[in-house]
Amino acid sequence: MIFNEILISWYSVNKRDLPWRNTSEPYYIWLSEIILQQTQVKQGMPYYEAFVAEFPSVFDLANADESHVLKLWQGLGYYSRARNLHATAKYVANELNGKFPGTYKELLKLKGVGDYTASAIASICFNAPTAVVDGNVYRVLSRVFGIDTPINTTAGNKEFKALAQELIDVKNPANFNQAIMEFGATHCTPKNPDCPTCPFINKCVAYNDRKISLYPVKLKANKAKRKFFNFLVLLSSNNQTILEQRLGKGIWQNLYQFPLIETKSSMGFNDMEALLKRHDLLRNRSFELSLYNRDEVIHKLSHQHLYTKFWIVKLDSSINGIDYNDVKQYAVPILIDKFIEAFNF
DNA sequence: AATCCGGGGCC
DNA sequence: GGCCCAGGATT
């Protein structure tokens with residue numbers, strides 16, 4: 001048997017029953033693919049269910065406020081996906097009468113849709129022979145064919161895309177694409193792949209060279225930078241606090257947070273108190289400062305490690321901010337959400 | 001071609 | 001602590 005026959009045969013027996021596999025409606029496939037970018041099925045599943053329930057059609061999503069979309073996306077990360085999701089929904093609903101483009105080339109023009117997602121939608125919804133290359137495909141193909149070109153390079157991207165395109169079953173691209181990803185996700189896993197029961201055991205170059213753990217080859221990522229975040233949790237005499245929206249570039253764009261002071265190193269109590277006496281928010285106000293978490297909360301992102309302190313700033317005066325009861329309505333980074341849940345305003 | 005962008009899970 | 005995940009946009 002050749003590659004695609006072995007693969008699809010394996011898939012017919014081992015495929016999981018996932019909610020987006022019961023449809024080929026472009027809206028649902030697109031929604032699932034955006035959610036699943038750099039996100040495992042287990043993590044994305046509840047978000048998919050929530051979005052489908054809240055926004056059953058592309059028009060419902062298009063008519064929502066971005067704040068509503070971001071709140072539903074809260075905790076999933078890579079928030080540009082949510083902003084692009086909403087922008088594309090508005091474009092499809094308003095400019096295309098709710099009908100998604102039907103070709104790879106046209107799909108690629110949508111915000112938040114790159115080579116992978118355009119290939120996935122084109123194949124699953126429109127039966128186009130466009131091969132997907134995601135993290136699973138890199139792993140499966142690099143092992144089976146013994147390809148040591150680093151996957152996170154332009155050369156690697158081109159090589160694996162070409163190989164996948166060569167291997168795809170043009171009579172059933174939807175099944176082939178989903179099969180190779182499913183195989184990578186559940187069988188040919190990064191750690192402890194189930195080689196003894198693998199249908200490619202006789203063919204797999206990496207296995208037969210005893211080099212499974214060396215594939216795929218990937219150039220090392222840069223080490224995460226340390227940052228020191230100090231959030232100011234204001235408590236006013238009229239039971240209000242302050243949340244600010246993060247605008248501009250950088251992490252957590254358009255999400256809300258407590259007023260943030262970033263410092264070069266970990267801040268002690270006296271230094272923070274002195275700094276706050278000169279701070280715009282607290283000018284000419286008396287306050288009582290306390291540190292909520294003596295040990296820093298270390299929040300790890302891909303490229304940053306955030307050493308975080310939450311400072312409680314109790315005022316004896318009133319402010320024009322957000323009522324304690326409304327704090328949970330705002331989309332916030334999960335780091336902030338965990339504090340809000342624990343602090344219990 | 002490099003870098004940025006989350007958060008959870010695994011080892 | 002390092003690595004991975006149904007990647008895309010920006011510089």
# chains A, B, ... in the order shown; residues from 1 in each chain; ligands from 1
$ interface_residues --of "chain C" --to "chain A" --cutoff "9 Å" --atoms "only C-alpha atoms (C1' of nucleotides)" --output "ChimeraX atom specification"
/C:4-9
$ interface_residues --of "chain B" --to "chain A" --cutoff "6 Å" --atoms "only C-alpha atoms (C1' of nucleotides)" --output "PyMOL selection string"
chain B and resi 5-7
$ write_last_selection --atoms "all heavy atoms" --output "PDB file, in the first residue's frame"
ATOM      1  P    DC B   5       4.858  40.616  21.719  1.00  0.00           P
ATOM      2  OP1  DC B   5       4.298  41.953  21.968  1.00  0.00           O
ATOM      3  OP2  DC B   5       5.762  39.986  22.680  1.00  0.00           O
ATOM      4  O5'  DC B   5       3.628  39.622  21.489  1.00  0.00           O
ATOM      5  C5'  DC B   5       2.558  40.057  20.673  1.00  0.00           C
ATOM      6  C4'  DC B   5       1.665  38.896  20.372  1.00  0.00           C
ATOM      7  O4'  DC B   5       2.395  37.918  19.598  1.00  0.00           O
ATOM      8  C3'  DC B   5       1.181  38.140  21.626  1.00  0.00           C
ATOM      9  O3'  DC B   5      -0.233  38.138  21.659  1.00  0.00           O
ATOM     10  C2'  DC B   5       1.701  36.729  21.436  1.00  0.00           C
ATOM     11  C1'  DC B   5       1.874  36.657  19.928  1.00  0.00           C
ATOM     12  N1   DC B   5       2.820  35.624  19.498  1.00  0.00           N
ATOM     13  C2   DC B   5       2.483  34.817  18.421  1.00  0.00           C
ATOM     14  O2   DC B   5       1.394  35.021  17.842  1.00  0.00           O
ATOM     15  N3   DC B   5       3.321  33.848  18.024  1.00  0.00           N
ATOM     16  C4   DC B   5       4.482  33.672  18.682  1.00  0.00           C
ATOM     17  N4   DC B   5       5.282  32.701  18.261  1.00  0.00           N
ATOM     18  C5   DC B   5       4.848  34.481  19.789  1.00  0.00           C
ATOM     19  C6   DC B   5       3.995  35.442  20.162  1.00  0.00           C
ATOM     20  P    DG B   6      -0.950  37.739  23.003  1.00  0.00           P
ATOM     21  OP1  DG B   6      -2.362  37.356  22.934  1.00  0.00           O
ATOM     22  OP2  DG B   6      -0.522  38.812  23.927  1.00  0.00           O
ATOM     23  O5'  DG B   6      -0.123  36.414  23.238  1.00  0.00           O
ATOM     24  C5'  DG B   6       0.009  35.801  24.453  1.00  0.00           C
ATOM     25  C4'  DG B   6      -1.261  35.134  24.929  1.00  0.00           C
ATOM     26  O4'  DG B   6      -1.450  33.885  24.227  1.00  0.00           O
ATOM     27  C3'  DG B   6      -1.219  34.750  26.391  1.00  0.00           C
ATOM     28  O3'  DG B   6      -2.565  34.610  26.808  1.00  0.00           O
ATOM     29  C2'  DG B   6      -0.466  33.433  26.349  1.00  0.00           C
ATOM     30  C1'  DG B   6      -1.042  32.807  25.074  1.00  0.00           C
ATOM     31  N9   DG B   6      -0.128  32.001  24.269  1.00  0.00           N
ATOM     32  C8   DG B   6       1.209  32.189  24.059  1.00  0.00           C
ATOM     33  N7   DG B   6       1.724  31.316  23.233  1.00  0.00           N
ATOM     34  C5   DG B   6       0.648  30.518  22.882  1.00  0.00           C
ATOM     35  C6   DG B   6       0.577  29.407  22.013  1.00  0.00           C
ATOM     36  O6   DG B   6       1.491  28.906  21.357  1.00  0.00           O
ATOM     37  N1   DG B   6      -0.707  28.874  21.948  1.00  0.00           N
ATOM     38  C2   DG B   6      -1.790  29.363  22.623  1.00  0.00           C
ATOM     39  N2   DG B   6      -2.945  28.752  22.440  1.00  0.00           N
ATOM     40  N3   DG B   6      -1.753  30.412  23.422  1.00  0.00           N
ATOM     41  C4   DG B   6      -0.498  30.924  23.509  1.00  0.00           C
ATOM     42  P    DG B   7      -2.867  34.618  28.415  1.00  0.00           P
ATOM     43  OP1  DG B   7      -4.174  35.253  28.606  1.00  0.00           O
ATOM     44  OP2  DG B   7      -1.667  35.091  29.112  1.00  0.00           O
ATOM     45  O5'  DG B   7      -3.031  33.073  28.742  1.00  0.00           O
ATOM     46  C5'  DG B   7      -4.101  32.361  28.160  1.00  0.00           C
ATOM     47  C4'  DG B   7      -3.766  30.900  28.147  1.00  0.00           C
ATOM     48  O4'  DG B   7      -2.638  30.659  27.284  1.00  0.00           O
ATOM     49  C3'  DG B   7      -3.359  30.325  29.515  1.00  0.00           C
ATOM     50  O3'  DG B   7      -4.398  29.456  29.890  1.00  0.00           O
ATOM     51  C2'  DG B   7      -2.042  29.610  29.253  1.00  0.00           C
ATOM     52  C1'  DG B   7      -2.038  29.481  27.736  1.00  0.00           C
ATOM     53  N9   DG B   7      -0.727  29.352  27.100  1.00  0.00           N
ATOM     54  C8   DG B   7       0.389  30.123  27.290  1.00  0.00           C
ATOM     55  N7   DG B   7       1.406  29.747  26.545  1.00  0.00           N
ATOM     56  C5   DG B   7       0.913  28.662  25.825  1.00  0.00           C
ATOM     57  C6   DG B   7       1.538  27.841  24.864  1.00  0.00           C
ATOM     58  O6   DG B   7       2.703  27.917  24.438  1.00  0.00           O
ATOM     59  N1   DG B   7       0.682  26.863  24.395  1.00  0.00           N
ATOM     60  C2   DG B   7      -0.619  26.698  24.804  1.00  0.00           C
ATOM     61  N2   DG B   7      -1.308  25.708  24.250  1.00  0.00           N
ATOM     62  N3   DG B   7      -1.229  27.451  25.693  1.00  0.00           N
ATOM     63  C4   DG B   7      -0.402  28.413  26.175  1.00  0.00           C
TER      64       DG B   7
END
$ residues_around --residues "Tyr330 of chain A" --least-positions-apart "6" --cutoff "12 Å" --atoms "only C-alpha atoms (C1' of nucleotides)" --output "MDAnalysis selection string"
chainID A and resid 66:74 242:245 254:258 322:324 336:337 340
$ write_last_selection --atoms "N, CA, C and O atoms" --output "mmCIF file, in the first residue's frame"
data_model
loop_
_atom_site.group_PDB
_atom_site.id
_atom_site.type_symbol
_atom_site.label_atom_id
_atom_site.label_comp_id
_atom_site.auth_asym_id
_atom_site.auth_seq_id
_atom_site.Cartn_x
_atom_site.Cartn_y
_atom_site.Cartn_z
ATOM 1 N N GLU A 66 -17.017 43.674 19.483
ATOM 2 C CA GLU A 66 -15.725 43.021 19.649
ATOM 3 C C GLU A 66 -15.474 42.650 21.107
ATOM 4 O O GLU A 66 -14.867 41.617 21.407
ATOM 5 N N SER A 67 -15.960 43.478 22.020
ATOM 6 C CA SER A 67 -15.763 43.185 23.448
ATOM 7 C C SER A 67 -16.420 41.864 23.834
ATOM 8 O O SER A 67 -15.898 41.116 24.657
ATOM 9 N N HIS A 68 -17.561 41.587 23.210
ATOM 10 C CA HIS A 68 -18.266 40.330 23.457
ATOM 11 C C HIS A 68 -17.443 39.144 22.934
ATOM 12 O O HIS A 68 -17.302 38.116 23.598
ATOM 13 N N VAL A 69 -16.888 39.310 21.746
ATOM 14 C CA VAL A 69 -16.076 38.251 21.138
ATOM 15 C C VAL A 69 -14.826 37.992 21.977
ATOM 16 O O VAL A 69 -14.475 36.844 22.264
ATOM 17 N N LEU A 70 -14.186 39.077 22.403
ATOM 18 C CA LEU A 70 -12.970 38.920 23.209
ATOM 19 C C LEU A 70 -13.264 38.272 24.552
ATOM 20 O O LEU A 70 -12.468 37.475 25.060
ATOM 21 N N LYS A 71 -14.415 38.602 25.135
ATOM 22 C CA LYS A 71 -14.765 38.004 26.424
ATOM 23 C C LYS A 71 -14.945 36.493 26.282
ATOM 24 O O LYS A 71 -14.512 35.716 27.127
ATOM 25 N N LEU A 72 -15.562 36.087 25.175
ATOM 26 C CA LEU A 72 -15.764 34.656 24.946
ATOM 27 C C LEU A 72 -14.442 33.961 24.633
ATOM 28 O O LEU A 72 -14.271 32.763 24.877
ATOM 29 N N TRP A 73 -13.510 34.711 24.058
ATOM 30 C CA TRP A 73 -12.187 34.173 23.705
ATOM 31 C C TRP A 73 -11.251 34.167 24.909
ATOM 32 O O TRP A 73 -10.186 33.541 24.880
ATOM 33 N N GLN A 74 -11.627 34.839 25.968
ATOM 34 C CA GLN A 74 -10.754 35.013 27.137
ATOM 35 C C GLN A 74 -10.175 33.684 27.605
ATOM 36 O O GLN A 74 -10.899 32.717 27.820
ATOM 37 N N ILE A 242 -10.297 50.353 39.033
ATOM 38 C CA ILE A 242 -9.990 50.836 37.682
ATOM 39 C C ILE A 242 -9.463 49.697 36.823
ATOM 40 O O ILE A 242 -8.589 48.944 37.240
ATOM 41 N N LEU A 243 -10.068 49.573 35.651
ATOM 42 C CA LEU A 243 -9.535 48.694 34.606
ATOM 43 C C LEU A 243 -9.249 49.552 33.395
ATOM 44 O O LEU A 243 -10.055 50.420 33.033
ATOM 45 N N GLU A 244 -8.112 49.305 32.780
ATOM 46 C CA GLU A 244 -7.740 50.050 31.580
ATOM 47 C C GLU A 244 -7.639 49.089 30.406
ATOM 48 O O GLU A 244 -7.225 47.942 30.579
ATOM 49 N N GLN A 245 -7.985 49.574 29.207
ATOM 50 C CA GLN A 245 -7.848 48.728 28.026
ATOM 51 C C GLN A 245 -6.445 48.872 27.462
ATOM 52 O O GLN A 245 -5.920 49.985 27.350
ATOM 53 N N ASN A 254 -6.204 45.039 23.254
ATOM 54 C CA ASN A 254 -7.639 45.312 23.431
ATOM 55 C C ASN A 254 -8.247 44.630 24.660
ATOM 56 O O ASN A 254 -9.435 44.798 24.911
ATOM 57 N N LEU A 255 -7.463 43.865 25.395
ATOM 58 C CA LEU A 255 -7.984 43.321 26.648
ATOM 59 C C LEU A 255 -7.812 44.353 27.766
ATOM 60 O O LEU A 255 -7.108 45.341 27.612
ATOM 61 N N TYR A 256 -8.468 44.083 28.893
ATOM 62 C CA TYR A 256 -8.420 45.016 30.023
ATOM 63 C C TYR A 256 -7.466 44.512 31.100
ATOM 64 O O TYR A 256 -7.172 43.322 31.187
ATOM 65 N N GLN A 257 -6.992 45.432 31.922
ATOM 66 C CA GLN A 257 -6.112 45.071 33.028
ATOM 67 C C GLN A 257 -6.201 46.165 34.082
ATOM 68 O O GLN A 257 -6.656 47.271 33.825
ATOM 69 N N PHE A 258 -5.719 45.857 35.286
ATOM 70 C CA PHE A 258 -5.543 46.904 36.289
ATOM 71 C C PHE A 258 -4.388 47.785 35.834
ATOM 72 O O PHE A 258 -3.515 47.326 35.096
ATOM 73 N N ILE A 322 -14.879 51.505 37.787
ATOM 74 C CA ILE A 322 -15.752 50.370 37.492
ATOM 75 C C ILE A 322 -16.242 49.764 38.801
ATOM 76 O O ILE A 322 -15.437 49.480 39.689
ATOM 77 N N ASP A 323 -17.540 49.569 38.900
ATOM 78 C CA ASP A 323 -18.112 48.986 40.101
ATOM 79 C C ASP A 323 -17.590 47.564 40.306
ATOM 80 O O ASP A 323 -17.419 46.816 39.342
ATOM 81 N N TYR A 324 -17.346 47.209 41.558
ATOM 82 C CA TYR A 324 -16.843 45.864 41.856
ATOM 83 C C TYR A 324 -17.670 44.782 41.175
ATOM 84 O O TYR A 324 -17.144 43.787 40.678
ATOM 85 N N ILE A 336 -4.915 38.031 34.996
ATOM 86 C CA ILE A 336 -5.776 38.966 35.730
ATOM 87 C C ILE A 336 -7.028 38.243 36.209
ATOM 88 O O ILE A 336 -7.495 38.448 37.332
ATOM 89 N N ASP A 337 -7.559 37.389 35.353
ATOM 90 C CA ASP A 337 -8.787 36.672 35.705
ATOM 91 C C ASP A 337 -8.588 35.814 36.952
ATOM 92 O O ASP A 337 -9.461 35.751 37.823
ATOM 93 N N ILE A 340 -8.741 38.055 39.918
ATOM 94 C CA ILE A 340 -10.114 38.515 40.185
ATOM 95 C C ILE A 340 -10.925 37.420 40.866
ATOM 96 O O ILE A 340 -11.661 37.674 41.819
#
$ atom_distance --atom1 "atom CA of Ala342 of chain A" --atom2 "atom CA of Leu291 of chain A"
14.4 Å
$ closest_residue --among "A:Gln165, A:Asn238, A:Ser123, A:Ser317" --to "Glu288 of chain A" --atoms "only C-alpha atoms"
A:Ser317
$ select_by_dssp --residues "segment 4-243 of chain A" --states "helix (DSSP H, G or I)" --output "ChimeraX atom specification"
/A:4-14,19-22,26-35,41-54,58-63,66-73,80-95,104-107,115-126,135-144,154-167,173-186,195-197,205-208,212-214
$ select_by_dssp --residues "segment 3-240 of chain A" --states "strand (DSSP E or B)" --output "count of residues only"
12
$ atom_distance --atom1 "atom CA of Arg139 of chain A" --atom2 "atom CA of Pro216 of chain A"
5.3 Å
$ atom_distance --atom1 "atom CA of Glu262 of chain A" --atom2 "atom CA of Asp295 of chain A"
16.7 Å
$ closest_residue --among "A:Ala224, A:Ala89, A:Ala174, A:Val233" --to "DG1 of chain C" --atoms "only C-alpha atoms (C1' of nucleotides)"
A:Ala224
$ residues_around --residues "Glu166 of chain A" --least-positions-apart "5" --cutoff "10 Å" --atoms "only C-alpha atoms (C1' of nucleotides)" --output "list in words"
Ala131, Phe160 and Lys161 of chain A
$ write_last_selection --atoms "N, CA and C atoms" --output "short mmCIF file (atom, residue, chain, number, x, y, z; two decimals), in the first residue's frame"
data_model
loop_
_atom_site.label_atom_id
_atom_site.label_comp_id
_atom_site.auth_asym_id
_atom_site.auth_seq_id
_atom_site.Cartn_x
_atom_site.Cartn_y
_atom_site.Cartn_z
N ALA A 131 -3.06 20.53 0.26
CA ALA A 131 -2.51 19.83 1.43
C ALA A 131 -2.25 20.79 2.58
N PHE A 160 8.29 20.53 3.04
CA PHE A 160 7.20 19.73 3.61
C PHE A 160 5.87 20.01 2.91
N LYS A 161 5.68 21.24 2.51
CA LYS A 161 4.45 21.57 1.78
C LYS A 161 4.41 20.80 0.46
#
